[in-house]
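Peer 1: This is start-v2.tsv, which holds TSV, C-alpha atoms and all ligand atoms:
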chain	number	residue	atom	x	y	z
A	207	MET	CA	68.98	125.28	114.49
A	208	TYR	CA	69.86	128.56	112.83
A	209	ASN	CA	73.64	128.55	112.75
A	210	ILE	CA	74.64	132.07	111.79
A	211	ASN	CA	78.36	131.23	111.73
A	212	ASP	CA	77.81	128.38	109.28
A	213	ILE	CA	75.62	130.60	107.14
A	214	ARG	CA	78.17	133.41	107.12
A	215	SER	CA	80.95	131.03	106.17
A	216	ASP	CA	79.01	130.20	102.99
A	217	PHE	CA	79.27	133.82	101.79
A	218	PRO	CA	82.89	134.49	100.75
A	219	ILE	CA	82.39	138.25	100.41
A	220	LEU	CA	81.56	138.60	104.11
A	221	THR	CA	85.24	138.13	105.00
A	222	LYS	CA	86.16	141.19	102.97
A	223	THR	CA	87.37	144.41	104.57
A	224	VAL	CA	86.22	147.80	103.31
A	225	ASN	CA	88.20	150.89	104.25
A	226	GLY	CA	90.19	148.71	106.64
A	227	LYS	CA	87.05	147.53	108.47
A	228	PRO	CA	85.15	144.23	108.18
A	229	LEU	CA	82.38	144.64	105.63
A	230	ILE	CA	78.94	145.08	107.14
A	231	TYR	CA	76.50	144.65	104.30
A	232	PHE	CA	73.12	146.25	104.95
A	233	ASP	CA	72.19	146.89	101.32
A	234	ASN	CA	70.30	143.66	100.78
A	235	GLY	CA	67.19	145.37	99.44
A	236	ALA	CA	69.26	146.42	96.42
A	237	THR	CA	70.90	143.03	95.98
A	238	THR	CA	71.90	140.20	98.28
A	239	GLN	CA	75.31	138.57	98.52
A	240	LYS	CA	75.80	135.11	97.04
A	241	PRO	CA	76.66	131.90	98.87
A	242	LYS	CA	79.42	129.68	97.50
A	243	GLN	CA	76.76	127.18	96.41
A	244	VAL	CA	75.54	129.78	93.87
A	245	ILE	CA	79.02	130.91	92.87
A	246	ASN	CA	80.15	127.29	92.46
A	247	SER	CA	77.10	126.50	90.36
A	248	ILE	CA	78.17	129.18	87.84
A	249	VAL	CA	81.79	127.96	87.83
A	250	LYS	CA	80.61	124.37	87.40
A	251	TYR	CA	78.30	125.31	84.59
A	252	TYR	CA	81.06	126.92	82.54
A	253	SER	CA	83.66	124.31	83.50
A	254	GLU	CA	81.57	121.21	82.89
A	255	GLN	CA	78.06	121.85	81.55
A	256	ASN	CA	78.05	124.72	79.06
A	257	ALA	CA	75.98	124.13	75.93
A	258	ASN	CA	73.00	125.79	74.32
A	259	ILE	CA	69.69	124.29	75.42
A	260	HIS	CA	66.46	122.87	73.98
A	261	ARG	CA	67.49	122.05	70.43
A	262	GLY	CA	70.61	119.93	70.83
A	263	VAL	CA	70.80	116.19	70.41
A	264	HIS	CA	74.32	115.97	71.80
A	265	THR	CA	74.87	114.91	75.40
A	266	LEU	CA	76.09	118.24	76.73
A	267	SER	CA	73.11	120.10	75.29
A	268	ARG	CA	70.68	117.55	76.64
A	269	GLU	CA	72.30	117.77	80.09
A	270	ALA	CA	72.21	121.57	80.10
A	271	THR	CA	68.54	121.44	79.03
A	272	ILE	CA	67.71	119.08	81.87
A	273	LEU	CA	69.44	121.38	84.39
A	274	PHE	CA	67.62	124.41	83.00
A	275	GLU	CA	64.21	122.75	83.09
A	276	GLU	CA	64.84	121.26	86.52
A	277	SER	CA	65.52	124.79	87.72
A	278	ARG	CA	62.09	125.81	86.47
A	279	LYS	CA	60.60	123.02	88.59
A	280	THR	CA	62.65	123.97	91.67
A	281	ILE	CA	61.62	127.61	91.48
A	282	ALA	CA	58.00	126.76	90.69
A	283	GLU	CA	57.79	124.49	93.70
A	284	PHE	CA	59.35	127.15	95.95
A	285	ILE	CA	56.53	129.61	95.20
A	286	GLY	CA	53.75	127.02	94.99
A	287	ALA	CA	53.39	127.28	91.21
A	288	ASP	CA	53.23	124.85	88.29
A	289	GLU	CA	56.39	124.75	86.25
A	290	ASN	CA	54.52	125.71	83.08
A	291	GLU	CA	53.54	129.00	84.76
A	292	ILE	CA	57.17	130.10	85.22
A	293	VAL	CA	58.53	132.46	82.57
A	294	PHE	CA	62.23	133.21	82.95
A	295	THR	CA	62.95	136.91	82.55
A	296	SER	CA	65.92	139.16	83.14
A	297	GLY	CA	64.34	140.33	86.42
A	298	THR	CA	61.34	141.98	88.04
A	299	THR	CA	61.47	144.99	85.72
A	300	ASP	CA	61.49	142.77	82.64
A	301	GLY	CA	58.54	140.73	83.95
A	302	ILE	CA	56.42	143.84	84.47
A	303	ASN	CA	57.31	145.14	81.01
A	304	ILE	CA	56.33	141.81	79.42
A	305	VAL	CA	52.86	142.12	80.95
A	306	ALA	CA	52.56	145.85	80.15
A	307	SER	CA	53.49	145.35	76.51
A	308	GLY	CA	51.76	142.00	75.93
A	309	PHE	CA	48.49	141.85	77.85
A	310	PRO	CA	45.45	142.92	75.82
A	311	PHE	CA	44.26	145.68	78.16
A	312	LYS	CA	41.48	147.76	76.63
A	313	GLN	CA	42.42	151.12	75.08
A	314	GLY	CA	41.59	153.96	77.46
A	315	GLY	CA	41.85	151.64	80.45
A	316	GLU	CA	42.91	152.58	83.94
A	317	ILE	CA	45.82	151.03	85.81
A	318	ILE	CA	45.90	151.26	89.60
A	319	VAL	CA	49.28	151.29	91.36
A	320	SER	CA	50.23	152.47	94.85
A	321	GLU	CA	52.13	155.47	96.10
A	322	MET	CA	54.95	153.26	97.40
A	323	GLU	CA	55.74	151.50	94.11
A	324	HIS	CA	59.26	151.04	92.81
A	325	HIS	CA	59.72	152.95	89.54
A	326	SER	CA	59.76	149.56	87.79
A	327	ASN	CA	56.09	149.17	88.67
A	328	ILE	CA	55.17	152.71	87.60
A	329	LEU	CA	57.03	153.51	84.39
A	330	PRO	CA	55.88	150.53	82.26
A	331	TRP	CA	52.29	151.50	83.11
A	332	GLN	CA	52.95	155.15	82.36
A	333	LEU	CA	54.28	154.13	78.96
A	334	TRP	CA	51.24	151.91	78.43
A	335	CYS	CA	48.93	154.82	79.35
A	336	GLU	CA	50.73	157.17	76.95
A	337	LYS	CA	50.34	154.73	74.07
A	338	ASN	CA	46.80	153.63	74.85
A	339	ASN	CA	45.14	156.78	76.08
A	340	GLY	CA	45.03	155.22	79.52
A	341	LYS	CA	45.09	156.64	83.02
A	342	LEU	CA	47.28	155.82	86.00
A	343	LYS	CA	45.55	155.91	89.38
A	344	VAL	CA	47.29	155.75	92.73
A	345	ILE	CA	46.35	154.18	96.08
A	346	PRO	CA	47.62	156.69	98.65
A	347	ILE	CA	49.51	155.78	101.82
A	348	ASN	CA	49.04	156.78	105.44
A	349	GLU	CA	51.78	158.62	107.33
A	350	ASP	CA	53.02	155.29	108.74
A	351	GLY	CA	53.60	154.04	105.21
A	352	THR	CA	50.68	151.62	105.15
A	353	LEU	CA	48.29	151.64	102.21
A	354	GLN	CA	44.97	153.45	102.48
A	355	LEU	CA	43.24	150.31	101.29
A	356	GLU	CA	39.80	151.72	102.00
A	357	LYS	CA	40.45	154.16	99.11
A	358	LEU	CA	40.92	151.35	96.61
A	359	LYS	CA	37.17	150.79	96.25
A	360	ASP	CA	36.72	154.39	95.11
A	361	LEU	CA	39.53	154.10	92.57
A	362	ILE	CA	37.99	151.09	90.84
A	363	THR	CA	35.74	151.90	87.89
A	364	GLU	CA	34.43	150.03	84.87
A	365	LYS	CA	37.58	151.11	83.08
A	366	THR	CA	40.01	149.54	85.57
A	367	SER	CA	42.28	147.23	83.56
A	368	LEU	CA	44.75	146.13	86.20
A	369	ILE	CA	45.82	146.60	89.80
A	370	ALA	CA	49.63	146.42	90.05
A	371	VAL	CA	51.04	146.64	93.57
A	372	THR	CA	54.13	145.71	95.46
A	373	HIS	CA	53.91	142.93	98.01
A	374	ILE	CA	56.54	144.58	100.24
A	375	SER	CA	57.86	148.12	99.91
A	376	ASN	CA	61.56	148.15	99.06
A	377	THR	CA	61.95	151.51	100.80
A	378	LEU	CA	59.83	151.08	103.92
A	379	GLY	CA	59.57	147.31	104.37
A	380	VAL	CA	55.80	147.71	104.75
A	381	ILE	CA	53.94	144.50	103.87
A	382	ASN	CA	50.79	145.11	101.87
A	383	ASP	CA	47.63	143.14	102.40
A	384	VAL	CA	47.72	141.82	98.85
A	385	LYS	CA	45.19	139.10	99.65
A	386	GLU	CA	42.62	141.78	100.39
A	387	ILE	CA	43.54	143.65	97.21
A	388	ILE	CA	43.24	140.48	95.13
A	389	LYS	CA	39.88	139.67	96.74
A	390	LEU	CA	38.50	143.08	95.88
A	391	ALA	CA	39.93	142.88	92.35
A	392	LYS	CA	38.30	139.50	91.78
A	393	GLN	CA	34.91	140.79	92.87
A	394	ASN	CA	35.31	143.31	90.07
A	395	ASN	CA	36.92	140.98	87.49
A	396	ILE	CA	40.15	142.93	87.44
A	397	PRO	CA	43.51	141.21	86.92
A	398	VAL	CA	46.24	141.80	89.51
A	399	LEU	CA	50.02	141.93	89.20
A	400	ILE	CA	52.05	141.55	92.37
A	401	ASP	CA	55.63	142.84	92.49
A	402	GLY	CA	57.26	140.23	94.72
A	403	ALA	CA	60.84	141.50	94.40
A	404	GLN	CA	60.99	142.15	98.14
A	405	SER	CA	58.66	139.46	99.44
A	406	VAL	CA	60.20	136.27	98.03
A	407	PRO	CA	63.52	136.91	99.87
A	408	HIS	CA	61.86	137.59	103.22
A	409	GLN	CA	58.79	135.43	103.65
A	410	LYS	CA	57.03	132.32	102.42
A	411	VAL	CA	55.16	133.09	99.22
A	412	ASN	CA	52.58	130.80	97.67
A	413	VAL	CA	51.30	132.22	94.41
A	414	LYS	CA	48.45	129.72	94.19
A	415	GLU	CA	47.15	130.79	97.59
A	416	LEU	CA	47.53	134.46	96.73
A	417	ASP	CA	45.72	133.81	93.45
A	418	ALA	CA	46.84	136.96	91.64
A	419	ASP	CA	47.22	136.83	87.85
A	420	PHE	CA	50.88	137.81	87.56
A	421	PHE	CA	53.69	137.71	90.11
A	422	VAL	CA	57.23	138.93	89.43
A	423	PHE	CA	60.56	138.72	91.25
A	424	SER	CA	64.33	138.79	90.73
A	425	ALA	CA	66.93	136.14	91.53
A	426	HIS	CA	69.57	138.60	92.71
A	427	LYS	CA	67.48	139.73	95.68
A	428	VAL	CA	67.11	136.16	96.88
A	429	TYR	CA	70.82	135.19	96.91
A	430	GLY	CA	70.91	134.30	93.21
A	431	PRO	CA	72.68	135.92	90.25
A	432	THR	CA	71.83	139.20	88.55
A	433	GLY	CA	70.11	139.31	85.17
A	434	VAL	CA	67.52	136.62	85.82
A	435	GLY	CA	64.05	136.59	87.30
A	436	VAL	CA	60.61	135.07	87.08
A	437	LEU	CA	57.29	136.19	85.72
A	438	TRP	CA	54.64	133.86	87.10
A	439	VAL	CA	51.57	133.84	84.92
A	440	LYS	CA	48.43	132.11	86.10
A	441	THR	CA	47.63	129.26	83.71
A	442	ASN	CA	44.42	130.74	82.35
A	443	ARG	CA	46.20	134.05	81.62
A	444	MET	CA	49.06	132.43	79.71
A	445	ASN	CA	47.21	132.27	76.41
A	446	GLU	CA	45.82	135.79	76.80
A	447	LEU	CA	49.29	137.28	77.15
A	448	HIS	CA	50.90	138.07	73.77
A	449	ASN	CA	54.60	137.67	73.20
A	450	THR	CA	56.03	141.01	72.13
A	451	LYS	CA	59.52	139.61	71.70
A	452	ALA	CA	59.91	136.79	69.21
A	453	GLY	CA	62.82	134.63	68.21
A	454	GLY	CA	64.49	131.27	68.61
A	455	GLY	CA	62.93	129.00	71.19
A	456	THR	CA	59.45	130.52	70.99
A	457	ILE	CA	58.11	128.66	67.97
A	458	LYS	CA	56.53	125.43	66.80
A	459	THR	CA	56.96	126.05	63.07
A	460	VAL	CA	58.17	128.97	60.98
A	461	SER	CA	57.58	129.74	57.34
A	462	PHE	CA	57.59	133.07	55.53
A	463	GLU	CA	53.83	132.83	55.32
A	464	LYS	CA	52.99	131.89	58.88
A	465	THR	CA	54.65	131.23	62.22
A	466	GLU	CA	53.13	129.12	64.94
A	467	TYR	CA	54.32	129.82	68.47
A	468	VAL	CA	54.55	127.31	71.30
A	469	SER	CA	52.08	127.71	74.13
A	470	GLY	CA	53.39	128.10	77.65
A	471	PRO	CA	56.33	129.97	79.15
A	472	MET	CA	58.83	129.37	76.35
A	473	ARG	CA	56.74	131.64	74.10
A	474	PHE	CA	58.16	134.52	76.18
A	475	GLU	CA	61.76	133.32	76.32
A	476	ALA	CA	63.04	134.42	72.92
A	477	GLY	CA	66.69	133.75	72.13
A	478	THR	CA	69.33	132.00	74.19
A	479	PRO	CA	68.35	132.56	77.80
A	480	ASN	CA	70.60	133.25	80.77
A	481	ILE	CA	71.25	129.51	81.17
A	482	GLU	CA	73.86	129.65	83.91
A	483	GLY	CA	71.80	132.33	85.66
A	484	VAL	CA	68.70	130.16	85.74
A	485	ILE	CA	70.67	127.16	87.02
A	486	ALA	CA	72.37	129.29	89.69
A	487	PHE	CA	68.98	130.78	90.59
A	488	ALA	CA	67.81	127.26	91.44
A	489	ALA	CA	71.00	126.76	93.48
A	490	ALA	CA	70.07	129.91	95.45
A	491	ILE	CA	66.53	128.66	96.01
A	492	ASN	CA	67.84	125.28	97.17
A	493	TYR	CA	70.14	127.11	99.56
A	494	VAL	CA	67.25	129.16	100.98
A	495	LYS	CA	65.15	126.00	101.27
A	496	ALA	CA	67.91	124.23	103.20
A	497	ILE	CA	68.04	127.08	105.74
A	498	GLY	CA	64.25	127.46	105.68
A	499	ILE	CA	62.52	130.68	104.62
A	500	GLU	CA	60.56	130.73	107.90
A	501	ASN	CA	63.84	130.56	109.86
A	502	ILE	CA	65.28	133.36	107.74
A	503	SER	CA	62.16	135.45	108.38
A	504	LYS	CA	62.40	134.87	112.11
A	505	HIS	CA	66.07	135.82	112.20
A	506	GLU	CA	65.49	138.96	110.15
A	507	GLN	CA	62.59	139.95	112.41
A	508	GLU	CA	64.90	139.80	115.42
A	509	LEU	CA	67.35	142.07	113.60
A	510	LEU	CA	64.54	144.45	112.66
A	511	GLU	CA	63.26	144.69	116.24
A	512	TYR	CA	66.73	145.21	117.69
A	513	ALA	CA	67.83	147.79	115.11
A	514	THR	CA	64.53	149.68	115.31
A	515	LYS	CA	64.83	149.98	119.09
A	516	LYS	CA	68.46	151.12	118.90
A	517	LEU	CA	67.71	153.67	116.19
A	518	ASN	CA	64.68	155.00	118.08
A	519	ASP	CA	66.99	155.64	121.05
A	520	ILE	CA	68.96	158.16	118.97
A	521	PRO	CA	67.06	161.48	119.17
A	522	GLU	CA	68.41	162.80	115.84
A	523	VAL	CA	67.09	159.79	113.93
A	524	GLU	CA	63.71	159.77	112.24
A	525	ILE	CA	62.44	156.43	110.93
A	526	TYR	CA	59.82	156.28	108.17
A	527	ALA	CA	57.15	153.61	108.74
A	528	ASN	CA	58.38	153.41	112.31
A	529	HIS	CA	56.71	150.20	113.37
A	530	LEU	CA	57.34	146.49	113.41
A	531	GLY	CA	55.30	143.84	111.60
A	532	LYS	CA	57.10	144.64	108.36
A	533	ALA	CA	60.05	143.21	106.44
A	534	ALA	CA	63.57	143.81	107.76
A	535	VAL	CA	64.06	147.15	106.04
A	536	ILE	CA	64.56	150.43	107.89
A	537	SER	CA	64.50	153.76	106.12
A	538	PHE	CA	65.56	156.72	108.20
A	539	ASN	CA	67.11	160.15	108.15
A	540	VAL	CA	69.31	162.04	110.54
A	541	LYS	CA	67.51	165.33	111.13
A	542	GLY	CA	69.57	168.15	109.64
A	543	ALA	CA	71.88	165.88	107.61
A	544	HIS	CA	71.69	164.76	104.00
A	545	PRO	CA	71.29	160.98	103.58
A	546	PHE	CA	74.27	160.88	101.17
A	547	ASP	CA	76.53	162.35	103.88
A	548	VAL	CA	75.34	159.79	106.41
A	549	GLY	CA	75.88	156.95	103.92
A	550	THR	CA	79.33	158.22	102.95
A	551	LEU	CA	80.46	158.38	106.58
A	552	LEU	CA	79.06	154.93	107.36
A	553	ASP	CA	81.04	153.59	104.40
A	554	LYS	CA	84.22	154.79	106.11
A	555	TYR	CA	83.35	152.27	108.84
A	556	GLY	CA	82.89	149.50	106.27
A	557	ILE	CA	79.10	149.70	106.48
A	558	ALA	CA	77.15	149.47	103.23
A	559	VAL	CA	73.74	151.13	103.39
A	560	ARG	CA	71.75	152.54	100.49
A	561	THR	CA	71.00	156.25	100.30
A	562	GLY	CA	68.72	158.21	97.99
A	563	HIS	CA	65.23	157.76	96.67
A	564	HIS	CA	65.50	153.95	96.26
A	565	CYS	CA	63.69	154.22	92.90
A	566	THR	CA	60.57	155.41	94.75
A	567	GLN	CA	60.53	159.14	94.03
A	568	PRO	CA	56.74	159.51	94.44
A	569	LEU	CA	57.12	158.03	97.93
A	570	MET	CA	59.88	160.54	98.69
A	571	ASP	CA	57.54	163.29	97.46
A	572	HIS	CA	54.92	162.03	99.90
A	573	TYR	CA	57.32	162.51	102.82
A	574	LYS	CA	58.72	165.70	101.23
A	575	ILE	CA	62.29	164.45	101.45
A	576	PRO	CA	65.02	163.95	98.84
A	577	GLY	CA	65.86	160.51	100.10
A	578	THR	CA	66.58	158.28	103.07
A	579	VAL	CA	69.29	156.08	104.47
A	580	ARG	CA	68.13	152.48	104.15
A	581	ALA	CA	69.44	149.54	106.14
A	582	SER	CA	68.02	146.28	104.83
A	583	PHE	CA	68.90	142.97	106.44
A	584	ALA	CA	69.43	139.45	105.17
A	585	MET	CA	69.89	135.96	106.60
A	586	TYR	CA	73.62	136.51	107.32
A	587	ASN	CA	73.41	139.79	109.25
A	588	THR	CA	73.97	139.79	113.00
A	589	ILE	CA	73.07	141.72	116.14
A	590	GLY	CA	76.82	142.41	116.52
A	591	GLU	CA	76.85	144.13	113.13
A	592	ILE	CA	73.90	146.28	114.20
A	593	ASP	CA	75.83	147.33	117.32
A	594	ILE	CA	78.78	148.42	115.17
A	595	PHE	CA	76.42	150.24	112.81
A	596	ILE	CA	74.71	152.10	115.66
A	597	ASP	CA	78.08	153.10	117.12
A	598	ALA	CA	79.31	154.30	113.69
A	599	LEU	CA	76.05	156.18	113.14
A	600	LYS	CA	76.40	158.00	116.47
A	601	LYS	CA	79.97	158.99	115.57
A	602	SER	CA	78.81	160.13	112.12
A	603	ILE	CA	76.05	162.25	113.67
A	604	LYS	CA	78.61	163.96	115.90
A	605	MET	CA	80.69	164.79	112.81
A	606	LEU	CA	77.72	166.04	110.81
A	607	LEU	CA	75.74	168.14	113.28
B	1	LIG	C1	59.92	146.31	94.92
B	1	LIG	C2	60.85	146.28	93.75
B	1	LIG	N1	60.35	146.20	92.52
B	1	LIG	C3	61.13	146.14	91.44
B	1	LIG	C4	62.50	146.18	91.55
B	1	LIG	C5	63.33	146.08	90.32
B	1	LIG	O1	64.05	144.88	90.34
B	1	LIG	P1	65.10	144.54	89.20
B	1	LIG	O2	66.03	145.72	89.15
B	1	LIG	O3	65.78	143.31	89.68
B	1	LIG	O4	64.36	144.36	87.93
B	1	LIG	C6	63.07	146.30	92.80
B	1	LIG	C7	64.52	146.44	92.96
B	1	LIG	O5	65.00	147.13	93.84
B	1	LIG	C8	62.23	146.33	93.93
B	1	LIG	O6	62.73	146.41	95.17
For the file at hand, write its structure as structure tokens.
Ligand SMILES: Cc1ncc(COP(=O)(O)O)c(C=O)c1O
Peer 2:
Amino acid sequence: MYNINDIRSDFPILTKTVNGKPLIYFDNGATTQKPKQVINSIVKYYSEQNANIHRGVHTLSREATILFEESRKTIAEFIGADENEIVFTSGTTDGINIVASGFPFKQGGEIIVSEMEHHSNILPWQLWCEKNNGKLKVIPINEDGTLQLEKLKDLITEKTSLIAVTHISNTLGVINDVKEIIKLAKQNNIPVLIDGAQSVPHQKVNVKELDADFFVFSAHKVYGPTGVGVLWVKTNRMNELHNTKAGGGTIKTVSFEKTEYVSGPMRFEAGTPNIEGVIAFAAAINYVKAIGIENISKHEQELLEYATKKLNDIPEVEIYANHLGKAAVISFNVKGAHPFDVGTLLDKYGIAVRTGHHCTQPLMDHYKIPGTVRASFAMYNTIGEIDIFIDALKKSIKMLL
């Protein structure tokens, strides 16, 4: 049974008031709140477990190493991966940059992204293209925010080096048919990178079933801490990927003449990693597992349906990608009002929404708008909160228009 009250009581921040009103947190696409299980894991780490990992013979170091490596297993299992395919990064952005700077793409190659990508899945490829005489190509979207997948075939050429697409749009919530993209890529021997920053928090992901080559996501969007994430690298790609950062932890032997690096994920984890972050990341994953990702999905879908209907009943509101069958993210504008003004007024009612371009400026250009107001839901949001939000939005509209 999905007990929303029990879930909410695990998140200390949800009892906070903002501007004298109970906090209603609808900015989960940017980052989620943290349950006490995650917060306590960090406190416990520094109170009882703190030591540097991997090279210590003393008890504390060995214990910290075990916790760190167990976290790798926990996270691997959650996404259907092998633990030796899990590279710990500082987040989605870092994971994409590791691939962009370390994979031996051919000079003059072409990288295909989509029009709805987060800047983090555009800029590393732009940099790569600048340095390597490459070309960035873009899968366009339809007016309803879905990908024009039929155009992908025409974009693929002999020079295509990679297809890098988001699993779920952070701005629109649209879920891309990545299986179809991966299938087409495979027929043409093209590697695929999936940006899973917004899919792992909202739906069951199995990287083995998807069978892409790289998959990236961030802990902080799935109830874990900031500054840590995962780059999943398919086993047979691991040795092809070069490490562009080197340092402690990445080596087998070092001499001034020659250095031998370890194989596997640790080759990409130079220096002391975010140890408490990784351990707390596993605490977050265990928390999600205990609730059940399918149950979370179902709950969020109910919120999406309810909020979409309520918003569609307000004539001044225009929703982008105005359909269901997507993740629980709603981007909208109030006709005649700037999104910042809407967001600022909602904040007066204690409601946190995100406003602006959501790091997807090309998508904003597509819709010819400066930005949107985005309400993105998580496991702890309620229908009651949506009612308060709708009421506050109606009052804000009266003030603005
Ligand atoms: C789809 C998508 N990709 C990439 C990112 C970047 O994630 P991070 O800032 O954690 O690296 C985000 C964050 O909003 C995102 O939503």
Peer 1: Write out as a list in words each polymer residue (protein, DNA or RNA) that has an atom no more than 7 Å from ligand LIG 1 (chain B), with only C-alpha atoms and all ligand atoms counted.
Peer 2: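 So the residues close to ligand LIG 1 (chain B) are Gly235, Ala236, Gly297, Thr298, Thr299, Asp300, Glu323, His324, Ser326, Asn327, Thr372, Ile374, Ser375, Asn376, Asp401, Gly402, Ala403, Gln404, Ser424 and His426 of chain A.
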Peer 1: May I have the residues within 12 Å of Asp288 of chain A as a list of chain:residue names, using only C-alpha atoms and disregarding those fewer than 3 positions away in the same chain?
Peer 2: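 Contacts, with the query itself left out: A:Arg278, A:Lys279, A:Thr280, A:Ile281, A:Ala282, A:Glu283, A:Phe284, A:Ile285, A:Glu291, A:Ile292, A:Val293, A:Asn412, A:Val413, A:Lys414, A:Trp438, A:Val439, A:Lys440, A:Thr441, A:Gly470, A:Pro471.
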Peer 1: Atom CA of Phe420 of chain A and atom CA of Gly308 of chain A, how far apart in Å?
Peer 2: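 Here the two named atoms are 12.4 Å from each other.
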Peer 1: To one decimal in Å, tell me the separation between atom CA of Ser267 of chain A and atom CA of Gly477 of chain A.
Peer 2: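 About the pair atom CA of Ser267 of chain A and atom CA of Gly477 of chain A: they are 15.4 Å apart.
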Peer 1: Do a neighbour search on Leu333 of chain A at 10 Å with only C-alpha atoms, toss out local chain neighbours closer than 6 positions, and write the hits as an mmCIF file with C-alpha atoms, in the frame of the given file.
Peer 2:
data_model
loop_
_atom_site.group_PDB
_atom_site.id
_atom_site.type_symbol
_atom_site.label_atom_id
_atom_site.label_comp_id
_atom_site.auth_asym_id
_atom_site.auth_seq_id
_atom_site.Cartn_x
_atom_site.Cartn_y
_atom_site.Cartn_z
ATOM 1 C CA ASN A 303 57.310 145.140 81.010
ATOM 2 C CA ALA A 306 52.560 145.850 80.150
ATOM 3 C CA SER A 307 53.490 145.350 76.510
ATOM 4 C CA ASN A 339 45.140 156.780 76.080
ATOM 5 C CA GLY A 340 45.030 155.220 79.520
#
Peer 1: For a quick check of understanding, using all atoms listed in the file, which of A:Thr221, A:Lys541, A:Ile502, A:Pro310 has the smallest distance to Asn445 of chain A?
Peer 2: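 Answer, going by the shortest atom-to-atom distance: A:Pro310.
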Peer 1: Quick one: residues within 12 Å of (74.0, 146.0, 116.0) (file frame), counting all atoms listed in the file, please, as an MDAnalysis selection string.
Peer 2: chainID A and resid 230 232 508:517 557 581 583 587:599
Peer 1: With all atoms listed in the file counted, which protein, DNA or RNA residues have an atom no more than 6 Å from (50.3, 149.8, 104.1) in the file frame? Please answer as a ChimeraX atom specification.
Peer 2: /A:351-353,380,382
Peer 1: Restricting the calculation to only C-alpha atoms: of A:Ala584, A:Leu606, A:Ile248, A:Ile497, which residue gets closest to Leu551 of chain A?
Peer 2: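 Counting only C-alpha atoms, the residue closest to Leu551 of chain A is A:Leu606.
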Peer 1: Give me the residues within 7 Å of Gly430 of chain A as a list of chain:residue names, counting all atoms listed in the file and dropping any in the same chain fewer than 2 places off.
Peer 2: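 Neighbouring residues, sequence-local ones excluded: A:Lys240, A:Val244, A:Ala425, A:His426, A:Lys427, A:Val428, A:Thr432, A:Ala486, A:Phe487, A:Ala490.
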Peer 1: If you measure from atom CA of Ile388 of chain A to atom CA of Val344 of chain A, what distance in Å do you get, rounded to one decimal?
Peer 2: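 These atoms are spaced 16.0 Å apart.
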Peer 1: Got a sec: who's within 12 Å of segment 464-466 of chain A, counting only C-alpha atoms, leaving out chain neighbours fewer than 2 positions off, as a list in words?
Peer 2: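 Contacts, in chain order: Asn449, Ala452, Gly453, Gly454, Gly455, Thr456, Ile457, Lys458, Thr459, Val460, Ser461, Phe462, Val468, Ser469 and Arg473 of chain A.
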Peer 1: When distances are computed from only C-alpha atoms, which of A:Trp334, A:Phe311, A:Tyr555, A:Tyr586 shows the smallest separation from Leu368 of chain A?
Peer 2: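 Counting only C-alpha atoms, the residue closest to Leu368 of chain A is A:Phe311.
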Peer 1: Nearest to Met472 of chain A among A:Glu289, A:Ile213, A:Thr561, A:Gly531, with distances taken over all atoms listed in the file: which residue is it?
Peer 2: A:Glu289
